[in-house]
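Structure file work-v2.txt with compact mmCIF, C-alpha atoms (C1' of nucleotides):
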# COMPACT_ATOMS: atom_id res chain seq x y z
CA MET A 1336 14.98 -6.12 48.97
CA ASP A 1337 14.74 -9.80 48.34
CA GLU A 1338 14.35 -10.25 52.06
CA ASP A 1339 11.26 -8.05 52.10
CA ARG A 1340 9.39 -10.54 50.09
CA GLY A 1341 7.52 -13.19 51.99
CA PRO A 1342 8.24 -16.86 51.49
CA LEU A 1343 6.01 -19.06 49.37
CA ILE A 1344 6.37 -22.67 48.41
CA VAL A 1345 4.57 -24.09 45.42
CA LEU A 1346 4.28 -27.85 45.30
CA THR A 1347 2.39 -29.09 42.30
CA GLY A 1348 2.41 -31.71 39.59
CA PRO A 1349 0.01 -33.73 37.48
CA THR A 1350 -3.01 -35.34 39.05
CA ALA A 1351 -2.39 -38.52 41.02
CA VAL A 1352 1.35 -38.01 41.27
CA GLY A 1353 1.29 -37.81 45.06
CA LYS A 1354 1.22 -34.11 45.89
CA THR A 1355 -1.05 -34.33 48.89
CA GLU A 1356 0.99 -36.66 51.04
CA LEU A 1357 4.24 -34.92 50.24
CA SER A 1358 2.85 -31.49 50.93
CA ILE A 1359 1.70 -32.56 54.37
CA ARG A 1360 5.05 -34.07 55.24
CA LEU A 1361 6.74 -30.90 54.09
CA ALA A 1362 4.38 -28.71 56.06
CA LYS A 1363 5.04 -30.68 59.21
CA ARG A 1364 8.76 -30.28 58.82
CA ILE A 1365 8.86 -26.54 58.25
CA GLY A 1366 5.80 -25.20 60.01
CA GLY A 1367 3.80 -24.75 56.87
CA GLU A 1368 0.15 -24.22 56.14
CA ILE A 1369 -1.38 -25.53 52.97
CA ILE A 1370 -3.37 -23.53 50.50
CA SER A 1371 -5.17 -25.69 47.98
CA ALA A 1372 -4.79 -24.51 44.40
CA ASP A 1373 -7.52 -26.70 43.08
CA SER A 1374 -10.61 -25.61 41.22
CA MET A 1375 -12.75 -28.51 42.42
CA GLN A 1376 -11.74 -29.08 46.01
CA VAL A 1377 -13.25 -25.74 46.92
CA TYR A 1378 -16.69 -27.35 46.67
CA ARG A 1379 -18.41 -29.06 49.56
CA GLY A 1380 -19.76 -32.50 48.98
CA MET A 1381 -17.33 -33.23 46.19
CA ASP A 1382 -14.88 -35.32 48.15
CA ILE A 1383 -14.26 -38.59 46.40
CA GLY A 1384 -14.19 -37.37 42.82
CA SER A 1385 -11.90 -34.47 43.54
CA ALA A 1386 -9.58 -36.68 45.61
CA LYS A 1387 -9.88 -34.28 48.48
CA VAL A 1388 -7.61 -34.64 51.49
CA THR A 1389 -9.32 -36.21 54.44
CA LEU A 1390 -9.16 -34.80 57.93
CA SER A 1391 -7.02 -37.67 59.15
CA GLU A 1392 -4.62 -37.30 56.25
CA MET A 1393 -4.12 -33.66 57.19
CA ARG A 1394 -2.53 -34.74 60.44
CA GLY A 1395 -3.15 -31.40 62.03
CA VAL A 1396 -1.70 -29.30 59.24
CA PRO A 1397 -3.99 -26.34 58.49
CA HIS A 1398 -5.56 -26.47 55.02
CA HIS A 1399 -7.14 -23.51 53.28
CA LEU A 1400 -9.54 -23.02 50.38
CA ILE A 1401 -11.09 -26.44 50.68
CA ASP A 1402 -14.84 -26.81 51.18
CA ILE A 1403 -15.52 -23.13 50.98
CA LEU A 1404 -18.35 -23.13 48.43
CA GLU A 1405 -21.50 -24.97 47.46
CA PRO A 1406 -21.38 -26.65 44.07
CA ASP A 1407 -23.79 -24.17 42.54
CA GLU A 1408 -21.52 -21.22 43.26
CA GLU A 1409 -19.32 -19.62 40.67
CA PHE A 1410 -15.63 -19.85 41.13
CA HIS A 1411 -12.80 -18.64 38.95
CA VAL A 1412 -9.20 -17.43 39.02
CA VAL A 1413 -9.97 -13.96 40.16
CA ARG A 1414 -11.79 -15.17 43.19
CA PHE A 1415 -9.16 -17.75 43.87
CA GLN A 1416 -6.46 -15.17 43.67
CA GLU A 1417 -8.21 -12.89 46.09
CA TYR A 1418 -8.75 -15.66 48.64
CA ALA A 1419 -5.28 -17.06 48.26
CA LYS A 1420 -3.64 -13.69 48.74
CA ASN A 1421 -5.54 -13.24 51.96
CA CYS A 1422 -4.50 -16.65 53.16
CA ILE A 1423 -0.88 -15.96 52.38
CA ARG A 1424 -0.98 -12.68 54.23
CA GLU A 1425 -2.47 -14.33 57.29
CA ILE A 1426 -0.09 -17.24 57.25
CA HIS A 1427 2.85 -14.88 57.03
CA ALA A 1428 1.43 -12.91 59.91
CA ARG A 1429 1.42 -16.09 61.97
CA GLY A 1430 5.05 -16.58 61.11
CA ASN A 1431 4.35 -19.68 59.08
CA ILE A 1432 5.18 -20.63 55.55
CA PRO A 1433 2.41 -20.94 52.96
CA ILE A 1434 2.54 -23.98 50.73
CA LEU A 1435 0.47 -23.72 47.58
CA THR A 1436 -0.50 -27.22 46.53
CA GLY A 1437 -2.82 -28.42 43.84
CA GLY A 1438 -2.96 -29.07 40.16
CA THR A 1439 -4.60 -26.00 38.70
CA GLY A 1440 -1.64 -24.36 37.01
CA PHE A 1441 -3.51 -21.24 36.03
CA TYR A 1442 -4.43 -20.54 39.65
CA ILE A 1443 -0.85 -21.00 40.75
CA GLN A 1444 0.35 -18.61 38.08
CA ALA A 1445 -2.23 -16.04 39.12
CA VAL A 1446 -1.02 -15.81 42.69
CA LEU A 1447 2.65 -16.53 42.18
CA TYR A 1448 3.05 -13.64 39.74
CA ASP A 1449 0.18 -11.65 41.13
CA ILE A 1450 -1.40 -11.23 37.74
CA ASP A 1451 -3.72 -8.31 37.39
CA PHE A 1452 -7.26 -9.26 36.47
CA THR A 1453 -9.11 -6.44 38.10
CA GLU A 1454 -9.34 -4.05 35.18
CA THR A 1455 -12.59 -5.40 33.96
CA ARG A 1456 -15.90 -6.24 35.47
CA ALA A 1457 -17.24 -9.14 33.49
CA ASP A 1458 -20.08 -7.71 31.48
CA GLN A 1459 -22.62 -10.49 31.33
CA ASP A 1460 -24.78 -8.84 28.69
CA TYR A 1461 -21.98 -8.28 26.27
CA ARG A 1462 -20.69 -11.76 26.83
CA LYS A 1463 -24.13 -13.22 26.15
CA GLU A 1464 -24.42 -11.18 23.02
CA LEU A 1465 -21.09 -12.45 21.76
CA GLU A 1466 -22.10 -16.00 22.53
CA ARG A 1467 -25.24 -15.51 20.50
CA LEU A 1468 -23.25 -14.12 17.63
CA ALA A 1469 -20.91 -17.06 17.72
CA ALA A 1470 -23.83 -19.42 17.61
CA SER A 1471 -25.69 -17.68 14.81
CA ARG A 1472 -22.92 -16.38 12.59
CA GLY A 1473 -20.20 -18.84 13.40
CA PRO A 1474 -16.89 -18.64 15.22
CA GLU A 1475 -15.16 -17.08 12.22
CA TYR A 1476 -17.34 -14.04 12.50
CA LEU A 1477 -16.24 -13.33 16.06
CA HIS A 1478 -12.68 -13.96 15.09
CA GLN A 1479 -13.02 -11.34 12.38
CA MET A 1480 -14.26 -8.86 14.94
CA LEU A 1481 -11.22 -9.59 17.05
CA GLN A 1482 -8.99 -9.27 14.02
CA LYS A 1483 -10.11 -5.64 13.73
CA ALA A 1484 -9.92 -4.80 17.41
CA ASP A 1485 -6.79 -6.65 18.42
CA PRO A 1486 -4.96 -8.33 15.55
CA GLU A 1487 -2.22 -9.71 17.80
CA SER A 1488 -4.73 -11.63 19.85
CA ALA A 1489 -6.55 -12.77 16.77
CA ASP A 1490 -3.34 -14.23 15.48
CA ALA A 1491 -2.66 -15.95 18.75
CA ILE A 1492 -6.12 -17.35 19.39
CA HIS A 1493 -7.58 -19.94 17.07
CA ALA A 1494 -10.99 -19.00 15.71
CA ASN A 1495 -12.54 -22.17 17.06
CA ASN A 1496 -11.56 -21.24 20.56
CA VAL A 1497 -14.69 -19.19 21.04
CA LYS A 1498 -14.27 -18.86 24.78
CA ARG A 1499 -10.93 -17.10 24.48
CA VAL A 1500 -12.00 -15.01 21.52
CA ILE A 1501 -14.92 -13.74 23.54
CA ARG A 1502 -12.74 -12.88 26.49
CA ALA A 1503 -10.35 -10.91 24.28
CA LEU A 1504 -13.23 -9.02 22.73
CA GLU A 1505 -14.73 -8.37 26.09
CA PHE A 1506 -11.46 -7.04 27.42
CA TYR A 1507 -11.15 -4.67 24.52
CA ARG A 1508 -14.69 -3.38 24.94
CA GLU A 1509 -14.24 -2.86 28.68
CA THR A 1510 -10.84 -1.24 28.74
CA GLY A 1511 -10.24 0.00 25.23
CA GLU A 1512 -6.93 -1.80 25.43
CA LYS A 1513 -5.72 -4.89 23.74
CA ILE A 1514 -5.53 -7.94 25.90
CA SER A 1515 -2.47 -9.06 24.00
CA ALA A 1516 -0.62 -5.97 25.21
CA HIS A 1517 -1.90 -6.44 28.71
CA ASN A 1518 -0.77 -10.06 28.75
CA GLU A 1519 2.61 -9.12 27.47
CA ALA A 1520 3.03 -6.61 30.27
CA GLU A 1521 1.87 -9.05 32.91
CA ARG A 1522 4.27 -11.63 31.63
CA GLN A 1523 7.19 -9.37 32.54
CA LYS A 1524 6.18 -9.26 36.17
CA LYS A 1525 8.30 -10.86 38.79
CA SER A 1526 6.87 -12.61 41.76
CA PRO A 1527 6.19 -10.64 44.92
CA TYR A 1528 7.34 -13.69 46.82
CA ARG A 1529 10.54 -15.42 47.71
CA PHE A 1530 9.47 -18.69 46.26
CA ALA A 1531 10.34 -22.18 45.14
CA TYR A 1532 8.15 -23.76 42.48
CA PHE A 1533 8.34 -27.53 42.65
CA VAL A 1534 6.71 -29.79 40.13
CA LEU A 1535 6.53 -33.39 41.22
CA ASN A 1536 6.61 -35.75 38.29
CA ASP A 1537 6.80 -39.40 37.44
CA GLU A 1538 7.42 -41.55 34.42
CA ARG A 1539 4.43 -41.26 32.12
CA SER A 1540 3.44 -44.91 32.13
CA ARG A 1541 3.53 -45.07 35.92
CA LEU A 1542 1.51 -41.93 36.22
CA TYR A 1543 -1.15 -43.33 33.90
CA ALA A 1544 -1.26 -46.60 35.79
CA ASN A 1545 -1.75 -44.62 39.00
CA ILE A 1546 -4.59 -42.69 37.48
CA ASP A 1547 -6.38 -45.85 36.42
CA ARG A 1548 -5.92 -47.34 39.85
CA ARG A 1549 -7.14 -44.23 41.57
CA VAL A 1550 -10.31 -44.10 39.54
CA ASP A 1551 -11.05 -47.68 40.53
CA GLN A 1552 -10.51 -46.71 44.14
CA MET A 1553 -12.88 -43.80 43.79
CA MET A 1554 -15.55 -46.17 42.59
CA GLU A 1555 -14.91 -48.50 45.52
CA ARG A 1556 -15.17 -45.58 47.88
CA GLY A 1557 -18.54 -44.57 46.53
CA LEU A 1558 -18.07 -42.03 43.76
CA LEU A 1559 -21.33 -43.15 42.21
CA GLN A 1560 -23.27 -42.49 45.41
CA GLU A 1561 -21.55 -39.15 45.83
CA VAL A 1562 -22.69 -38.02 42.40
CA VAL A 1563 -26.19 -39.38 42.96
CA ARG A 1564 -26.36 -37.32 46.13
CA LEU A 1565 -25.25 -34.16 44.31
CA LYS A 1566 -27.73 -34.76 41.54
CA GLU A 1567 -30.52 -35.22 44.05
CA LYS A 1568 -29.63 -31.88 45.54
CA GLY A 1569 -30.33 -30.39 42.15
CA TYR A 1570 -26.83 -29.77 40.91
CA HIS A 1571 -26.62 -30.23 37.18
CA ARG A 1572 -24.21 -30.25 34.33
CA ASP A 1573 -24.41 -26.58 33.50
CA MET A 1574 -22.57 -25.81 36.71
CA VAL A 1575 -18.83 -25.48 36.54
CA SER A 1576 -18.44 -27.79 39.50
CA MET A 1577 -20.28 -30.59 37.76
CA GLN A 1578 -17.92 -30.33 34.81
CA GLY A 1579 -15.15 -31.66 36.98
CA LEU A 1580 -13.58 -35.00 36.17
CA GLY A 1581 -15.52 -37.78 37.78
CA TYR A 1582 -18.70 -35.75 37.95
CA LYS A 1583 -19.49 -35.13 34.32
CA GLU A 1584 -18.78 -38.74 33.38
CA ILE A 1585 -20.87 -40.25 36.15
CA LEU A 1586 -23.68 -37.81 35.39
CA GLY A 1587 -23.51 -39.03 31.82
CA TYR A 1588 -24.17 -42.52 33.09
CA LEU A 1589 -26.95 -41.39 35.42
CA ASP A 1590 -28.61 -39.61 32.53
CA GLY A 1591 -28.51 -42.80 30.52
CA GLU A 1592 -25.97 -41.67 27.97
CA THR A 1593 -23.42 -44.38 28.69
CA THR A 1594 -23.10 -47.58 30.64
CA LEU A 1595 -21.26 -47.40 33.92
CA ASP A 1596 -18.26 -49.25 32.51
CA GLU A 1597 -18.12 -46.84 29.63
CA ALA A 1598 -18.31 -43.88 32.01
CA ILE A 1599 -15.39 -45.27 33.99
CA ARG A 1600 -13.39 -45.87 30.87
CA ILE A 1601 -13.97 -42.30 29.73
CA LEU A 1602 -13.15 -40.94 33.14
CA LYS A 1603 -9.80 -42.72 33.16
CA ARG A 1604 -9.02 -41.54 29.67
CA ASP A 1605 -10.00 -37.95 30.35
CA THR A 1606 -7.98 -37.91 33.54
CA ARG A 1607 -4.93 -39.11 31.63
CA HIS A 1608 -5.49 -36.35 29.09
CA PHE A 1609 -5.76 -33.87 31.90
CA ALA A 1610 -2.49 -34.98 33.44
CA LYS A 1611 -0.83 -34.55 30.08
CA ARG A 1612 -2.16 -31.03 29.72
CA GLN A 1613 -0.99 -30.16 33.20
CA LEU A 1614 2.51 -31.28 32.30
CA THR A 1615 2.43 -29.18 29.16
CA TRP A 1616 1.52 -26.21 31.28
CA PHE A 1617 4.28 -26.70 33.82
CA ARG A 1618 6.85 -27.27 31.12
CA ARG A 1619 6.30 -23.82 29.82
CA GLU A 1620 6.32 -22.06 33.17
CA LYS A 1621 9.59 -20.42 34.03
CA ASP A 1622 11.34 -20.99 37.37
CA VAL A 1623 10.05 -24.52 37.74
CA ILE A 1624 12.09 -27.04 39.69
CA TRP A 1625 11.27 -30.52 38.44
CA VAL A 1626 11.24 -33.28 40.98
CA ASP A 1627 11.24 -36.60 39.18
CA LYS A 1628 10.27 -39.36 41.52
CA ASP A 1629 12.41 -41.96 39.84
CA ARG A 1630 15.51 -39.93 40.57
CA PHE A 1631 14.76 -40.43 44.25
CA ALA A 1632 13.97 -44.11 43.96
CA TYR A 1633 10.35 -43.32 44.81
CA ASP A 1634 11.35 -42.61 48.35
CA ASP A 1635 9.31 -39.74 49.80
CA GLY A 1636 11.85 -39.29 52.56
CA LYS A 1637 14.56 -38.60 50.03
CA ILE A 1638 12.37 -36.27 48.07
CA LEU A 1639 11.60 -34.36 51.22
CA GLU A 1640 15.28 -33.98 52.03
CA TYR A 1641 15.85 -32.60 48.57
CA LEU A 1642 13.04 -30.07 48.90
CA LEU A 1643 14.44 -28.90 52.23
CA GLU A 1644 17.87 -28.51 50.73
CA VAL A 1645 16.54 -26.31 47.94
CA LEU A 1646 14.47 -24.29 50.37
CA GLN A 1647 17.49 -23.51 52.47
CA GLU A 1648 19.59 -22.68 49.48
CA LYS A 1649 16.94 -20.24 48.36
CA LYS A 1650 16.62 -18.93 51.88
CA ILE A 1651 12.95 -19.64 51.97
CA THR A 1652 13.23 -21.42 55.24
CA ASP A 1653 16.01 -21.14 57.72
CA ARG A 1654 14.61 -23.20 60.51
CA ARG A 1655 16.94 -26.03 61.14
CA ILE A 1656 15.03 -29.14 60.69
C1' G B 451 -7.04 -82.91 3.38
C1' G B 452 -11.10 -80.02 0.59
C1' C B 453 -14.10 -75.55 -0.06
C1' G B 454 -15.10 -70.50 1.09
C1' C B 455 -14.01 -65.73 3.29
C1' C B 456 -10.47 -62.24 5.08
C1' A B 457 -5.51 -59.60 5.60
C1' U B 458 -5.13 -51.18 5.11
C1' A B 459 -1.20 -47.03 11.12
C1' G B 460 -1.32 -49.27 18.24
C1' C B 461 -6.95 -50.24 17.73
C1' C B 462 -11.63 -49.58 14.76
C1' A B 463 -12.33 -48.47 9.69
C1' A B 464 -13.41 -46.11 4.34
C1' G B 465 -11.47 -46.80 -0.34
C1' U B 466 -12.74 -52.14 -5.54
C1' G B 467 -7.45 -49.34 -11.53
C1' G B 468 -5.27 -43.13 -11.20
C1' U B 469 -1.47 -42.22 -6.93
C1' A B 470 -4.22 -43.91 0.98
C1' A B 471 -11.22 -40.70 4.18
C1' G B 472 -12.53 -40.64 9.16
C1' G B 473 -12.74 -42.01 14.47
C1' C B 474 -10.13 -43.57 18.90
C1' A B 475 -5.50 -44.14 21.41
C1' A B 476 -0.45 -42.24 21.74
C1' A B 477 2.65 -37.80 21.22
C1' G B 478 3.42 -32.41 21.05
C1' G B 479 1.32 -27.56 21.86
C1' U B 480 -1.88 -22.94 23.15
C1' C B 481 -3.76 -20.81 27.54
C1' U B 482 -3.50 -14.06 31.88
C1' G B 483 -12.06 -14.00 34.70
C1' C B 484 -15.58 -20.42 33.11
C1' A B 485 -8.80 -23.59 33.29
C1' A B 486 -10.55 -30.91 36.04
C1' C B 487 -12.51 -25.54 30.91
C1' A B 488 -11.87 -24.31 25.85
C1' C B 489 -8.77 -24.96 21.66
C1' C B 490 -4.74 -26.48 18.06
C1' U B 491 -1.00 -29.76 15.56
C1' C B 492 0.18 -34.64 14.21
C1' U B 493 1.42 -40.57 12.68
C1' A B 494 0.87 -45.68 6.79
C1' U B 495 2.47 -46.24 1.03
C1' C B 496 -2.19 -50.81 2.06
C1' A B 497 0.88 -59.11 4.99
C1' C B 498 4.79 -61.02 1.48
C1' C B 499 6.53 -62.47 -3.65
C1' A B 500 5.73 -62.45 -8.83
C1' G B 501 2.77 -60.81 -12.92
C1' U B 502 -0.97 -57.72 -16.05
C1' U B 503 -1.17 -52.30 -17.00
C1' C B 504 1.08 -45.87 -18.92
C1' A B 505 -0.87 -46.47 -13.80
C1' A B 506 -2.63 -51.52 -8.49
C1' A B 507 -4.31 -51.11 -1.75
C1' U B 508 -7.66 -52.01 -5.67
C1' C B 509 -6.94 -57.21 -11.35
C1' U B 510 -4.24 -62.39 -11.83
C1' G B 511 -1.15 -66.34 -9.71
C1' G B 512 1.54 -67.99 -5.60
C1' U B 513 3.31 -67.73 -0.31
C1' U B 514 2.22 -66.81 4.81
C1' G B 515 -1.32 -65.90 8.63
C1' G B 516 -6.41 -65.73 10.55
C1' C B 517 -11.68 -67.12 10.47
C1' G B 518 -15.74 -70.38 8.98
C1' C B 519 -17.72 -74.77 6.87
C1' C B 520 -17.05 -79.80 5.06
C1' U B 521 -14.66 -84.78 5.21

Let me see whether you can do it: turn the structure in this file into structure tokens.
Amino acid sequence: MDEDRGPLIVLTGPTAVGKTELSIRLAKRIGGEIISADSMQVYRGMDIGSAKVTLSEMRGVPHHLIDILEPDEEFHVVRFQEYAKNCIREIHARGNIPILTGGTGFYIQAVLYDIDFTETRADQDYRKELERLAASRGPEYLHQMLQKADPESADAIHANNVKRVIRALEFYRETGEKISAHNEAERQKKSPYRFAYFVLNDERSRLYANIDRRVDQMMERGLLQEVVRLKEKGYHRDMVSMQGLGYKEILGYLDGETTLDEAIRILKRDTRHFAKRQLTWFRREKDVIWVDKDRFAYDDGKILEYLLEVLQEKKITDRRI
RNA sequence: GGCGCCAUAGCCAAGUGGUAAGGCAAAGGUCUGCAACACCUCUAUCACCAGUUCAAAUCUGGUUGGCGCCU
């Protein structure tokens, strides 16, 4: 039964830890294809700020879900999940191993455990109405509504977290069920894949230093010009894509809200915060295999050997390397 | 050497007799259709010593350190 399930490798970690390079080396060793689990790299024209892999870095390894949308298109987990599942199916059909790489933990969770989102069709009108209510009567009011409909969710979601309160309300209205119950059920699911979930990590201070350095590099490589170009094309801050790190800060500068130095400072800070949140997320995921770089003396070759060992142990790959 | 000013958490900073605001950073956390989003939690006895007082970060004296001016 276990053997019926297709193989899947997840290789993730906080931003700037070095996922990209390692994933490509791994793919080359085992005949893998990479699926990007990244909410920003899906957009065309957002290369520098999203630290997108370059063609030469790919070294011939197939990459999926990169550059598939224009920055004004909507993207979200459900869509990601649908695309990623298709990719996985095709990669399996080719006899290759899919490697899910990228830092968006929620996306990884969605495909790894095949979480069910399909029960509702997002009702724009109702959502708008709730947003209006939140604005006019305050977040507490919405939270009260949720308290009546789904007390468990109300207890779990802070009233100030309007976005999540709205979603819970919306779910209840659409399905007549409580999202808290739904979530609980989904949580019990086991993965449809034979998988290994690696989280690459580094000492906090080194990670932060890397982030700072990488932002400087982005500037040298022309992040400013990239954002100018996007702005000229008419992309603006209401779009999800332009809320990505590196874009919102530079747009702030272009709109005269900050100096460039200030924008860079904020970008570094926000990226560090992001990395921290990513780690919090991975810490609470079950089945994670932590790969601390310092335990391997920062030697990618050694890390790779370790990954291969685990993969064989778990019978995810049997090709002798 | 003299005169003046200042000394509150890692940083910025309120408080001028009644038992330490706030912001930032750091740290921890939540997350099941916007997730590089949204949201939550959280850190001090006020440079040091002595005194006045029922009560001092707040008043007095001294010590140390910093800043400015003068000789």

**Report entry** Check: which chain A residues lie within 8 Å of chain B using all atoms listed in the file, as a list in words
**Finding:** Ser1374, Met1375, His1411, Val1412, Val1413, Thr1439, Phe1441, Ala1445, Ile1450, Asp1451, Phe1452, Ala1457, Ile1492, His1493, Asn1495, Asn1496, Val1497, Lys1498, Arg1499, Asn1518, Glu1521, Val1575, Gln1578, Gly1579, Leu1580, Thr1606, Phe1609 and Thr1615 of chain A

Let me have the centre and edge lengths in Å, one decimal, of the box along x, y and z around every listed atom of region 1504-1515 of chain A with 6 Å of margin on each side, as JSON.
{"center_x": -8.6, "center_y": -4.5, "center_z": 25.7, "size_x": 24.3, "size_y": 21.1, "size_z": 18.0}

Report task. In Å, rounded to a single decimal, give me how far CA of Lys1354 (chain A) is from CA of Gly1367 (chain A). Result ->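 It comes out at 14.7 Å.
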
Fewer than 5 positions away in the same chain doesn't count, so skip those; otherwise give me all residues within 12 Å of region 505-520 of chain B, counting all atoms listed in the file, as a CSV table (one decimal) with C-alpha atoms (C1' of nucleotides), keeping the file's coordinate frame.
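Output below, filename out_8.csv:
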chain,number,residue,atom,x,y,z
B,451,G,C1',-7.0,-82.9,3.4
B,452,G,C1',-11.1,-80.0,0.6
B,453,C,C1',-14.1,-75.6,-0.1
B,454,G,C1',-15.1,-70.5,1.1
B,455,C,C1',-14.0,-65.7,3.3
B,456,C,C1',-10.5,-62.2,5.1
B,457,A,C1',-5.5,-59.6,5.6
B,458,U,C1',-5.1,-51.2,5.1
B,465,G,C1',-11.5,-46.8,-0.3
B,466,U,C1',-12.7,-52.1,-5.5
B,467,G,C1',-7.4,-49.3,-11.5
B,468,G,C1',-5.3,-43.1,-11.2
B,469,U,C1',-1.5,-42.2,-6.9
B,470,A,C1',-4.2,-43.9,1.0
B,494,A,C1',0.9,-45.7,6.8
B,495,U,C1',2.5,-46.2,1.0
B,496,C,C1',-2.2,-50.8,2.1
B,497,A,C1',0.9,-59.1,5.0
B,498,C,C1',4.8,-61.0,1.5
B,499,C,C1',6.5,-62.5,-3.6
B,500,A,C1',5.7,-62.4,-8.8

Report task. Using all atoms listed in the file, collect all residues at a distance of at most 9 Å from (-15.3, -12.4, 17.8) as written in the file, then present them as an MDAnalysis selection string. Result -> chainID A and resid 1465 1468:1469 1474:1482 1489 1494 1497 1500:1501 1503:1504

Query raised in the report: With distances taken over all atoms listed in the file, which of A:Ile1365, A:Leu1642, A:Glu1408, A:Gly1395 is nearest to Met1574 (chain A)?
Result: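 Ranking A:Ile1365, A:Leu1642, A:Glu1408, A:Gly1395 by distance to Met1574 (chain A), first place goes to A:Glu1408.
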
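Taking CA of Val1626 (chain A) and CA of Val1534 (chain A) as the two end points, the separation is 5.8 Å.
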
Requested in this report: With a distance cut-off of 7 Å and only C-alpha atoms (C1' of nucleotides), select the neighbouring residues of Leu1535 (chain A), excluding the residue or stretch itself and same-chain residues fewer than 4 positions from it, and output the selection as JSON, numbers by chain.
Outcome: {"A": [1347, 1348, 1352, 1625, 1626, 1627]}

Report task. Could you give me, as a PyMOL selection string, the residues within 10 Å of Ile1599 (chain A), counting only C-alpha atoms (C1' of nucleotides) and dropping anything in the same chain fewer than 2 positions from it? Result -> chain A and resi 1547+1550-1551+1554+1581+1584-1585+1588+1593-1597+1601-1605

Query raised in the report: How far is it from CA of Asp1537 (chain A) to CA of Ala1372 (chain A), in Å with one decimal?
Result: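 These two atoms are separated by 20.1 Å.
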
Report task. With all atoms listed in the file counted, which protein, DNA or RNA residues have an atom no more than 7 Å from (-1.6, -34.4, 38.2) in the file frame? Please answer as an MDAnalysis selection string. Result -> chainID A and resid 1348:1352 1438 1610 1613

Report task. For Leu1404 (chain A), list every protein, DNA or RNA residue within 8 Å, evaluated using only C-alpha atoms (C1' of nucleotides), and leave out those in the same chain fewer than 6 positions away; present the list as a list of chain:residue names. Result -> A:Val1377, A:Tyr1378, A:Arg1379

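Closest to Ala1428 (chain A) among A:Asn1545, A:Glu1644, A:Val1563, A:Gly1341 is A:Gly1341, based on all atoms listed in the file.
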
Could you write region 1476-1490 of chain A as an mmCIF file, in the frame of the given file, with N, CA and C atoms rebuilt where they are missing?
data_model
loop_
_atom_site.group_PDB
_atom_site.id
_atom_site.type_symbol
_atom_site.label_atom_id
_atom_site.label_comp_id
_atom_site.auth_asym_id
_atom_site.auth_seq_id
_atom_site.Cartn_x
_atom_site.Cartn_y
_atom_site.Cartn_z
ATOM 1 N N TYR A 1476 -16.843 -15.407 12.452
ATOM 2 C CA TYR A 1476 -17.340 -14.040 12.500
ATOM 3 C C TYR A 1476 -16.767 -13.289 13.701
ATOM 4 N N LEU A 1477 -16.798 -13.948 14.856
ATOM 5 C CA LEU A 1477 -16.240 -13.330 16.060
ATOM 6 C C LEU A 1477 -14.746 -13.093 15.887
ATOM 7 N N HIS A 1478 -14.117 -14.062 15.278
ATOM 8 C CA HIS A 1478 -12.680 -13.960 15.090
ATOM 9 C C HIS A 1478 -12.344 -12.762 14.212
ATOM 10 N N GLN A 1479 -13.195 -12.520 13.225
ATOM 11 C CA GLN A 1479 -13.020 -11.340 12.380
ATOM 12 C C GLN A 1479 -13.124 -10.052 13.190
ATOM 13 N N MET A 1480 -14.092 -10.039 14.080
ATOM 14 C CA MET A 1480 -14.260 -8.860 14.940
ATOM 15 C C MET A 1480 -12.983 -8.622 15.743
ATOM 16 N N LEU A 1481 -12.441 -9.699 16.252
ATOM 17 C CA LEU A 1481 -11.220 -9.590 17.050
ATOM 18 C C LEU A 1481 -10.054 -9.131 16.175
ATOM 19 N N GLN A 1482 -10.047 -9.626 14.955
ATOM 20 C CA GLN A 1482 -8.990 -9.270 14.020
ATOM 21 C C GLN A 1482 -8.921 -7.751 13.863
ATOM 22 N N LYS A 1483 -10.078 -7.107 13.867
ATOM 23 C CA LYS A 1483 -10.110 -5.640 13.730
ATOM 24 C C LYS A 1483 -9.706 -4.941 15.020
ATOM 25 N N ALA A 1484 -10.179 -5.462 16.130
ATOM 26 C CA ALA A 1484 -9.920 -4.800 17.410
ATOM 27 C C ALA A 1484 -8.497 -5.042 17.906
ATOM 28 N N ASP A 1485 -8.066 -6.264 17.815
ATOM 29 C CA ASP A 1485 -6.790 -6.650 18.420
ATOM 30 C C ASP A 1485 -6.156 -7.761 17.579
ATOM 31 N N PRO A 1486 -5.510 -7.345 16.490
ATOM 32 C CA PRO A 1486 -4.960 -8.330 15.550
ATOM 33 C C PRO A 1486 -3.967 -9.308 16.198
ATOM 34 N N GLU A 1487 -3.204 -8.816 17.164
ATOM 35 C CA GLU A 1487 -2.220 -9.710 17.800
ATOM 36 C C GLU A 1487 -2.932 -10.879 18.473
ATOM 37 N N SER A 1488 -3.988 -10.559 19.182
ATOM 38 C CA SER A 1488 -4.730 -11.630 19.850
ATOM 39 C C SER A 1488 -5.376 -12.552 18.832
ATOM 40 N N ALA A 1489 -5.912 -11.947 17.793
ATOM 41 C CA ALA A 1489 -6.550 -12.770 16.770
ATOM 42 C C ALA A 1489 -5.569 -13.765 16.184
ATOM 43 N N ASP A 1490 -4.345 -13.313 16.016
ATOM 44 C CA ASP A 1490 -3.340 -14.230 15.480
ATOM 45 C C ASP A 1490 -3.002 -15.344 16.465
#
